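*Asks:* Can you keep this structure in mind? I'll have questions shortly.
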Amino acid sequence: VPSPLAAIRAIALNTFREAIRDRVLYLLAAFALVLISVAHLLSLLTVGDEEKIIKDIGLSAISVFGVLTAMFVGVSLVFKEIERRTVYTLLAHPVERWQFIAGKFTGLLAVLGLNVGLMSAVLFLVLLARGEGAGSLPAAILLIFVELAVVTAFALLFSSLTNPILAALATFAVYVMGHLVWSLRLLGTRLHSAAGRSLCEIVYWILPDLGRLDLKAEAVHGQPLAAGHLLAALAYGVGYAAVVLWLACLAFARRDFR
Amino acid sequence: LIRARRWGTPLLLLALGGLTGSARVRLERLPGRSAEQELLYLPNGRHLKVLSLGHAGLLADGMYLWAIQYYSNYDRQDRFRYVEHVFDAVITELDPHYVDAYWLGALILILEAGDVEAGVRLLDKGATRNPEAWMLPYLAAWECYHAGQYARAAAYFERAARIPGADPVVHRMHAGMFAKSGDLRRAVLLWRQILDNPESDAASRAIARRQVRELMVRADVRELERAVERFRSETGQSPRGLEQLVAAGYIDRLPRDPDGRDYAYEPATGRVVPPAGRVLGVR
């Protein structure tokens, strides 16, 4: 009987290889090309600080490409195994169901880590070529990665519950809500009923507040962060992803394969 | 039949392509929306920020680049109608720390649309949100200066000069503005501060040294000529020499130029002239 960690590692490695074979890395080549050409184009179009625009484009691209990868690869991971019936072979081995989900999560996170790492390297190189340092961009990128971990966990949770299309929609909905949770507070202040207000407050605290993981503006403008901001955001994001992953494991454990 | 099939499909495809292409050309030739219509529906930046899902900075960049292209197209006559909306309500609301957008928007408002007040308002907003950007009050000062509002310009230069890291030229302009507005003594005081500041660069120091000399002479000449004027209006005749002004109590003592030389006086015109050999800044 393999140790749980060995099982997770094996599944993660397999997931990673599969994603690479699926040409996820083509995204990176596209990113590098777009960023470099945009950098040259902008010098013709803008007035003033070109590096600001390059940083904005770079960070947003890392975030958007990452979310798309997490969403679409994430929802198809579990589904593919079930559709191809490889999940039966896999679960016939001494592998717990939660180890399967944890392995998938780790593997996809490794792919996303590679994505984010390579894209950041391109961004830093472009900035370096223009005599600009990285500043606090790494902190912002780290939190983008944490946001991707949360999105991946949701993608796995939903794909353990339903079909890929619905799961992708639900994951996207979580992403959108995650950037708009502050509006629940606003809604709460406009409500007359106390029950409605407390409901808004409860949902406000339960939903993932992905806006809290967004340090892009601070990094681009080189503004100082409040003490403990980065650490608290890290703890929040990692903790949230862990809880959702746990729920995904539970959901997958209860799933009935036919 | 085989030949018909072989040629039929490509021909049909070609015909369909041609139809689509001609429809496209027709659409292109239809009268487009006017510039005004394009901008009428541009939402407020605070609303766009919500829709951007955390990518407000990128959206601000896009709007900024678009605005640069739009406002550098000189074909449109009515294009300045919404310029304040674009920069004030959209771009700088999306990204409140986009310093470039404040000054570029202000320049377009002032130089192209001719609305100094709106431009200065935008610069004020930028300076409040970005207290470290000395460029914004500095630019506001210049615009007030060009509009002939010297006292207001001096106040903006003062605000810019107080920001740590402001370029030496800001301090020099600050002093120069008081000279321009006629407050020569205060200008001398500020130039002296630049001269005495150990952090001043060599160029600023050289300029300050020259300015102090020149302004002191100008202030002296102005004071003497005013005394002469008062003497004339009260006694009905011109003083014979400058010493008479001291004797009659119009001034306490006769000033000398920075080299210790006396000022000359022309009784016929009532003009006071700095010692010969120097052309001084009576502009």
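All residue names refer to the structure tokens as shown: chains lettered A, B, ... in order, residues numbered from 1 in each chain, ligands numbered from 1 in order.
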Leaving out range 102-116 of chain B and any residue of its chain fewer than 5 positions from it, which residues lie within 7 Å of it when counting only C-alpha atoms, given as a PyMOL selection string?
*Replies:* chain B and resi 80+83+87+122-123+126+136
*Asks:* Give the residues of chain B that lie within 7 Å of chain A; count only C-alpha atoms, and format the answer as a list in words.
*Replies:*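 Filtering chain B at 7 Å from chain A with only C-alpha atoms gives Leu53, Gly54, His55, Gly57, Leu58, Asp61, Leu65, Ile68 and Asp100 of chain B.
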*Asks:* Restricting it to all heavy atoms, dump the selection as a compact mmCIF listing (two decimals), in the first residue's frame.
*Replies:*
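The new file again.txt reads:
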# COMPACT_ATOMS: atom_id res chain seq x y z
N LEU B 53 -13.77 43.79 -12.98
CA LEU B 53 -13.42 42.62 -12.16
C LEU B 53 -11.94 42.60 -11.77
O LEU B 53 -11.24 41.62 -11.97
CB LEU B 53 -13.75 41.32 -12.90
CG LEU B 53 -15.22 41.09 -13.26
CD1 LEU B 53 -15.38 39.77 -13.97
CD2 LEU B 53 -16.08 41.10 -12.00
N GLY B 54 -11.48 43.71 -11.25
CA GLY B 54 -10.11 43.76 -10.76
C GLY B 54 -9.08 44.16 -11.80
O GLY B 54 -7.90 44.14 -11.53
N HIS B 55 -9.53 44.51 -13.01
CA HIS B 55 -8.57 44.93 -14.03
C HIS B 55 -8.78 46.39 -14.41
O HIS B 55 -8.66 46.76 -15.59
CB HIS B 55 -8.68 44.02 -15.26
CG HIS B 55 -8.39 42.59 -14.95
ND1 HIS B 55 -7.11 42.11 -14.80
CD2 HIS B 55 -9.19 41.53 -14.70
CE1 HIS B 55 -7.14 40.84 -14.49
NE2 HIS B 55 -8.40 40.45 -14.43
N GLY B 57 -6.98 48.97 -13.79
CA GLY B 57 -5.77 49.62 -14.28
C GLY B 57 -5.62 49.43 -15.78
O GLY B 57 -5.32 50.37 -16.52
N LEU B 58 -5.86 48.22 -16.22
CA LEU B 58 -5.75 47.90 -17.65
C LEU B 58 -6.79 48.68 -18.46
O LEU B 58 -6.50 49.23 -19.52
CB LEU B 58 -5.95 46.40 -17.85
CG LEU B 58 -5.69 45.88 -19.25
CD1 LEU B 58 -4.21 45.99 -19.58
CD2 LEU B 58 -6.14 44.44 -19.38
N ASP B 61 -5.72 52.19 -18.84
CA ASP B 61 -4.70 52.30 -19.89
C ASP B 61 -5.35 52.33 -21.27
O ASP B 61 -4.98 53.14 -22.12
CB ASP B 61 -3.75 51.10 -19.86
CG ASP B 61 -2.96 51.03 -18.57
OD1 ASP B 61 -2.92 52.06 -17.86
OD2 ASP B 61 -2.40 49.97 -18.27
N LEU B 65 -5.04 55.40 -23.85
CA LEU B 65 -4.47 55.29 -25.20
C LEU B 65 -5.49 55.72 -26.25
O LEU B 65 -5.15 56.42 -27.21
CB LEU B 65 -4.03 53.84 -25.47
CG LEU B 65 -2.82 53.38 -24.68
CD1 LEU B 65 -2.51 51.93 -24.98
CD2 LEU B 65 -1.62 54.25 -25.01
N ILE B 68 -5.75 59.51 -26.30
CA ILE B 68 -4.62 60.16 -26.98
C ILE B 68 -4.85 60.16 -28.49
O ILE B 68 -4.68 61.18 -29.16
CB ILE B 68 -3.30 59.45 -26.63
CG1 ILE B 68 -2.95 59.69 -25.17
CG2 ILE B 68 -2.17 59.94 -27.52
CD1 ILE B 68 -1.79 58.86 -24.69
N ASP B 100 -0.08 60.49 -15.22
CA ASP B 100 -0.01 60.95 -16.63
C ASP B 100 -1.37 61.44 -17.13
O ASP B 100 -1.45 62.42 -17.87
CB ASP B 100 0.45 59.80 -17.54
CG ASP B 100 1.92 59.49 -17.35
OD1 ASP B 100 2.63 60.35 -16.81
OD2 ASP B 100 2.35 58.39 -17.74
*Asks:* Calculated over only C-alpha atoms, which of the candidates A:Val243, A:Thr171, A:Ser136, A:Trp205 has the smallest distance to Pro224 in chain A?
*Replies:*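 With only C-alpha atoms as the atom set, the closest residue is A:Ser136.
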*Asks:* To one decimal place, how far is CA of Asp256 in chain A from CA of Leu161 in chain A in Å?
*Replies:*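 Atom-to-atom, CA of Asp256 in chain A and CA of Leu161 in chain A are spaced 10.3 Å apart.
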*Asks:* Just the residues within 10 Å of range 258-270 of chain B, please, counting only C-alpha atoms, with nothing from its chain fewer than 2 positions along; format it as a list in words.
*Replies:*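 That gives Val212, Arg213, Glu214, Met216, Val217, Asp220, Val221, Leu224, Glu225, Arg226, Val228, Glu229, Arg232, Gln237, Ser238, Pro239, Arg240, Gly241, Leu242, Leu254, Pro255, Arg256, Val272, Val273, Pro274, Pro275 and Ala276 of chain B.
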*Asks:* Could those selected residues go to a file with N, CA, C and O atoms, as an mmCIF file, in the first residue's frame?
*Replies:*
data_model
loop_
_atom_site.group_PDB
_atom_site.id
_atom_site.type_symbol
_atom_site.label_atom_id
_atom_site.label_comp_id
_atom_site.auth_asym_id
_atom_site.auth_seq_id
_atom_site.Cartn_x
_atom_site.Cartn_y
_atom_site.Cartn_z
ATOM 1 N N VAL B 212 19.359 87.377 -7.201
ATOM 2 C CA VAL B 212 19.353 88.187 -5.981
ATOM 3 C C VAL B 212 19.902 89.580 -6.293
ATOM 4 O O VAL B 212 19.304 90.597 -5.931
ATOM 5 N N ARG B 213 21.023 89.613 -7.009
ATOM 6 C CA ARG B 213 21.625 90.907 -7.368
ATOM 7 C C ARG B 213 20.634 91.744 -8.181
ATOM 8 O O ARG B 213 20.360 92.902 -7.872
ATOM 9 N N GLU B 214 20.111 91.132 -9.203
ATOM 10 C CA GLU B 214 19.250 91.859 -10.134
ATOM 11 C C GLU B 214 17.983 92.367 -9.452
ATOM 12 O O GLU B 214 17.584 93.520 -9.614
ATOM 13 N N MET B 216 17.481 92.863 -6.248
ATOM 14 C CA MET B 216 17.735 93.883 -5.239
ATOM 15 C C MET B 216 17.844 95.249 -5.896
ATOM 16 O O MET B 216 17.306 96.237 -5.404
ATOM 17 N N VAL B 217 18.543 95.288 -7.050
ATOM 18 C CA VAL B 217 18.667 96.550 -7.785
ATOM 19 C C VAL B 217 17.278 97.025 -8.237
ATOM 20 O O VAL B 217 16.925 98.200 -8.057
ATOM 21 N N ASP B 220 15.374 98.391 -5.325
ATOM 22 C CA ASP B 220 15.899 99.703 -4.924
ATOM 23 C C ASP B 220 15.418 100.789 -5.881
ATOM 24 O O ASP B 220 14.927 101.840 -5.461
ATOM 25 N N VAL B 221 15.564 100.511 -7.182
ATOM 26 C CA VAL B 221 15.171 101.496 -8.198
ATOM 27 C C VAL B 221 13.683 101.823 -8.043
ATOM 28 O O VAL B 221 13.282 102.996 -8.066
ATOM 29 N N LEU B 224 13.126 103.988 -4.934
ATOM 30 C CA LEU B 224 13.608 105.355 -5.131
ATOM 31 C C LEU B 224 12.671 106.128 -6.051
ATOM 32 O O LEU B 224 12.321 107.282 -5.778
ATOM 33 N N GLU B 225 12.244 105.482 -7.133
ATOM 34 C CA GLU B 225 11.360 106.185 -8.085
ATOM 35 C C GLU B 225 10.022 106.519 -7.454
ATOM 36 O O GLU B 225 9.443 107.572 -7.744
ATOM 37 N N ARG B 226 9.562 105.639 -6.583
ATOM 38 C CA ARG B 226 8.301 105.925 -5.895
ATOM 39 C C ARG B 226 8.461 107.136 -4.959
ATOM 40 O O ARG B 226 7.563 107.979 -4.850
ATOM 41 N N VAL B 228 10.591 109.531 -5.356
ATOM 42 C CA VAL B 228 10.682 110.719 -6.229
ATOM 43 C C VAL B 228 9.271 111.165 -6.621
ATOM 44 O O VAL B 228 8.931 112.359 -6.575
ATOM 45 N N GLU B 229 8.450 110.210 -6.964
ATOM 46 C CA GLU B 229 7.087 110.499 -7.388
ATOM 47 C C GLU B 229 6.296 111.208 -6.279
ATOM 48 O O GLU B 229 5.591 112.182 -6.515
ATOM 49 N N ARG B 232 7.495 114.736 -5.828
ATOM 50 C CA ARG B 232 6.958 115.589 -6.893
ATOM 51 C C ARG B 232 5.515 115.974 -6.612
ATOM 52 O O ARG B 232 5.132 117.133 -6.744
ATOM 53 N N GLN B 237 7.638 119.979 -7.360
ATOM 54 C CA GLN B 237 8.856 120.043 -8.175
ATOM 55 C C GLN B 237 9.699 118.796 -7.964
ATOM 56 O O GLN B 237 9.501 118.070 -6.998
ATOM 57 N N SER B 238 10.612 118.578 -8.916
ATOM 58 C CA SER B 238 11.451 117.392 -8.814
ATOM 59 C C SER B 238 12.569 117.643 -7.816
ATOM 60 O O SER B 238 13.058 118.768 -7.698
ATOM 61 N N PRO B 239 12.981 116.570 -7.118
ATOM 62 C CA PRO B 239 14.152 116.732 -6.239
ATOM 63 C C PRO B 239 15.400 116.963 -7.086
ATOM 64 O O PRO B 239 15.499 116.450 -8.201
ATOM 65 N N ARG B 240 16.360 117.743 -6.571
ATOM 66 C CA ARG B 240 17.564 118.013 -7.345
ATOM 67 C C ARG B 240 18.484 116.790 -7.349
ATOM 68 O O ARG B 240 19.180 116.554 -8.305
ATOM 69 N N GLY B 241 18.492 116.090 -6.260
ATOM 70 C CA GLY B 241 19.313 114.859 -6.198
ATOM 71 C C GLY B 241 18.645 113.895 -5.244
ATOM 72 O O GLY B 241 17.676 114.246 -4.556
ATOM 73 N N LEU B 242 19.156 112.672 -5.234
ATOM 74 C CA LEU B 242 18.546 111.654 -4.388
ATOM 75 C C LEU B 242 18.719 111.975 -2.903
ATOM 76 O O LEU B 242 17.896 111.608 -2.070
ATOM 77 N N LEU B 254 20.078 106.263 1.615
ATOM 78 C CA LEU B 254 20.228 105.963 0.205
ATOM 79 C C LEU B 254 20.755 104.541 0.043
ATOM 80 O O LEU B 254 21.795 104.204 0.603
ATOM 81 N N PRO B 255 20.038 103.715 -0.730
ATOM 82 C CA PRO B 255 20.546 102.360 -0.957
ATOM 83 C C PRO B 255 21.697 102.367 -1.953
ATOM 84 O O PRO B 255 21.857 103.323 -2.725
ATOM 85 N N ARG B 256 22.501 101.305 -1.929
ATOM 86 C CA ARG B 256 23.554 101.141 -2.933
ATOM 87 C C ARG B 256 23.354 99.804 -3.621
ATOM 88 O O ARG B 256 22.738 98.903 -3.051
ATOM 89 N N VAL B 272 15.396 106.816 -11.963
ATOM 90 C CA VAL B 272 16.577 106.392 -11.230
ATOM 91 C C VAL B 272 17.253 105.301 -12.049
ATOM 92 O O VAL B 272 16.590 104.391 -12.534
ATOM 93 N N VAL B 273 18.574 105.441 -12.259
ATOM 94 C CA VAL B 273 19.273 104.497 -13.127
ATOM 95 C C VAL B 273 20.334 103.764 -12.311
ATOM 96 O O VAL B 273 21.041 104.382 -11.529
ATOM 97 N N PRO B 274 20.411 102.467 -12.515
ATOM 98 C CA PRO B 274 21.474 101.726 -11.833
ATOM 99 C C PRO B 274 22.833 102.171 -12.349
ATOM 100 O O PRO B 274 22.916 102.702 -13.462
ATOM 101 N N PRO B 275 23.895 101.954 -11.569
ATOM 102 C CA PRO B 275 25.226 102.394 -11.998
ATOM 103 C C PRO B 275 25.538 101.936 -13.408
ATOM 104 O O PRO B 275 25.158 100.845 -13.811
ATOM 105 N N ALA B 276 26.233 102.754 -14.129
ATOM 106 C CA ALA B 276 26.474 102.518 -15.554
ATOM 107 C C ALA B 276 27.205 101.205 -15.792
ATOM 108 O O ALA B 276 27.832 100.649 -14.919
#
*Asks:* So how far away is CA of Leu190 in chain B from CA of Phe178 in chain B, in Å?
*Replies:*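 The value is 8.8 Å.
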*Asks:* Using DSSP on the backbone coordinates, identify all residues within range 126-163 of chain A classified as helix (DSSP H, G or I); present the result as an mmCIF file with N, CA and C atoms, in the first residue's frame.
*Replies:*
data_model
loop_
_atom_site.group_PDB
_atom_site.id
_atom_site.type_symbol
_atom_site.label_atom_id
_atom_site.label_comp_id
_atom_site.auth_asym_id
_atom_site.auth_seq_id
_atom_site.Cartn_x
_atom_site.Cartn_y
_atom_site.Cartn_z
ATOM 1 N N VAL A 126 11.116 42.010 -19.983
ATOM 2 C CA VAL A 126 10.715 43.178 -20.779
ATOM 3 C C VAL A 126 10.985 44.456 -19.991
ATOM 4 N N LEU A 127 10.644 44.436 -18.695
ATOM 5 C CA LEU A 127 10.859 45.625 -17.864
ATOM 6 C C LEU A 127 12.352 45.901 -17.702
ATOM 7 N N LEU A 128 13.112 44.816 -17.514
ATOM 8 C CA LEU A 128 14.557 44.957 -17.321
ATOM 9 C C LEU A 128 15.194 45.571 -18.560
ATOM 10 N N ALA A 129 14.725 45.140 -19.743
ATOM 11 C CA ALA A 129 15.259 45.665 -20.993
ATOM 12 C C ALA A 129 15.005 47.174 -21.105
ATOM 13 N N LEU A 137 6.080 43.997 -7.760
ATOM 14 C CA LEU A 137 5.307 43.119 -8.646
ATOM 15 C C LEU A 137 5.272 41.665 -8.153
ATOM 16 N N PRO A 138 6.391 41.102 -7.634
ATOM 17 C CA PRO A 138 6.336 39.712 -7.178
ATOM 18 C C PRO A 138 5.256 39.468 -6.122
ATOM 19 N N ALA A 139 5.036 40.422 -5.232
ATOM 20 C CA ALA A 139 3.995 40.246 -4.212
ATOM 21 C C ALA A 139 2.623 40.145 -4.875
ATOM 22 N N ALA A 140 2.384 41.025 -5.854
ATOM 23 C CA ALA A 140 1.094 40.997 -6.556
ATOM 24 C C ALA A 140 0.925 39.681 -7.303
ATOM 25 N N ILE A 141 2.021 39.195 -7.920
ATOM 26 C CA ILE A 141 1.952 37.951 -8.699
ATOM 27 C C ILE A 141 1.718 36.759 -7.777
ATOM 28 N N LEU A 142 2.341 36.790 -6.602
ATOM 29 C CA LEU A 142 2.133 35.714 -5.626
ATOM 30 C C LEU A 142 0.647 35.614 -5.265
ATOM 31 N N LEU A 143 0.019 36.775 -5.064
ATOM 32 C CA LEU A 143 -1.403 36.752 -4.704
ATOM 33 C C LEU A 143 -2.279 36.343 -5.898
ATOM 34 N N ILE A 144 -1.832 36.665 -7.119
ATOM 35 C CA ILE A 144 -2.568 36.181 -8.291
ATOM 36 C C ILE A 144 -2.553 34.653 -8.280
ATOM 37 N N PHE A 145 -1.385 34.081 -7.950
ATOM 38 C CA PHE A 145 -1.259 32.624 -7.902
ATOM 39 C C PHE A 145 -2.191 32.036 -6.832
ATOM 40 N N VAL A 146 -2.270 32.711 -5.688
ATOM 41 C CA VAL A 146 -3.162 32.241 -4.620
ATOM 42 C C VAL A 146 -4.619 32.299 -5.104
ATOM 43 N N GLU A 147 -4.959 33.376 -5.833
ATOM 44 C CA GLU A 147 -6.306 33.490 -6.392
ATOM 45 C C GLU A 147 -6.576 32.317 -7.342
ATOM 46 N N LEU A 148 -5.564 31.965 -8.146
ATOM 47 C CA LEU A 148 -5.713 30.839 -9.068
ATOM 48 C C LEU A 148 -5.958 29.543 -8.305
ATOM 49 N N ALA A 149 -5.300 29.392 -7.145
ATOM 50 C CA ALA A 149 -5.496 28.192 -6.320
ATOM 51 C C ALA A 149 -6.953 28.108 -5.861
ATOM 52 N N VAL A 150 -7.529 29.251 -5.461
ATOM 53 C CA VAL A 150 -8.928 29.272 -5.025
ATOM 54 C C VAL A 150 -9.835 28.886 -6.197
ATOM 55 N N VAL A 151 -9.568 29.486 -7.377
ATOM 56 C CA VAL A 151 -10.400 29.192 -8.552
ATOM 57 C C VAL A 151 -10.288 27.701 -8.915
ATOM 58 N N THR A 152 -9.066 27.158 -8.868
ATOM 59 C CA THR A 152 -8.862 25.737 -9.181
ATOM 60 C C THR A 152 -9.660 24.848 -8.227
ATOM 61 N N ALA A 153 -9.620 25.186 -6.936
ATOM 62 C CA ALA A 153 -10.351 24.388 -5.950
ATOM 63 C C ALA A 153 -11.843 24.402 -6.265
ATOM 64 N N PHE A 154 -12.361 25.563 -6.641
ATOM 65 C CA PHE A 154 -13.789 25.648 -7.002
ATOM 66 C C PHE A 154 -14.065 24.827 -8.254
ATOM 67 N N ALA A 155 -13.157 24.908 -9.235
ATOM 68 C CA ALA A 155 -13.356 24.142 -10.474
ATOM 69 C C ALA A 155 -13.443 22.649 -10.164
ATOM 70 N N LEU A 156 -12.576 22.173 -9.271
ATOM 71 C CA LEU A 156 -12.600 20.750 -8.898
ATOM 72 C C LEU A 156 -13.872 20.409 -8.134
ATOM 73 N N LEU A 157 -14.278 21.320 -7.247
ATOM 74 C CA LEU A 157 -15.510 21.084 -6.478
ATOM 75 C C LEU A 157 -16.708 20.935 -7.423
ATOM 76 N N PHE A 158 -16.834 21.876 -8.358
ATOM 77 C CA PHE A 158 -17.997 21.849 -9.245
ATOM 78 C C PHE A 158 -17.922 20.670 -10.204
ATOM 79 N N SER A 159 -16.703 20.326 -10.642
ATOM 80 C CA SER A 159 -16.619 19.217 -11.596
ATOM 81 C C SER A 159 -16.839 17.881 -10.889
ATOM 82 N N SER A 160 -16.711 17.871 -9.546
ATOM 83 C CA SER A 160 -17.058 16.647 -8.818
ATOM 84 C C SER A 160 -18.566 16.525 -8.675
ATOM 85 N N LEU A 161 -19.266 17.623 -8.877
ATOM 86 C CA LEU A 161 -20.708 17.628 -8.669
ATOM 87 C C LEU A 161 -21.508 17.514 -9.958
#
*Asks:* What does the structure give for the distance between CA of Leu11 in chain B and CA of Val25 in chain B, in Å to one decimal?
*Replies:*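 Between CA of Leu11 in chain B and CA of Val25 in chain B the gap works out to 20.8 Å.
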*Asks:* Using only C-alpha atoms, find the one residue out of B:Cys144, B:Leu51, B:Ala187, B:Ala133 that sits nearest to Val120 in chain B.
*Replies:*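 Among the listed residues, the smallest separation from Val120 in chain B belongs to B:Cys144.
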*Asks:* For Ala110 in chain A, find every residue with an atom within 10 Å (counting only C-alpha atoms), except residues of its own chain fewer than 6 positions away, and show them as a list in words.
*Replies:* Ala12, Leu13, Thr15, Phe16, Lys104 and Val116 of chain A
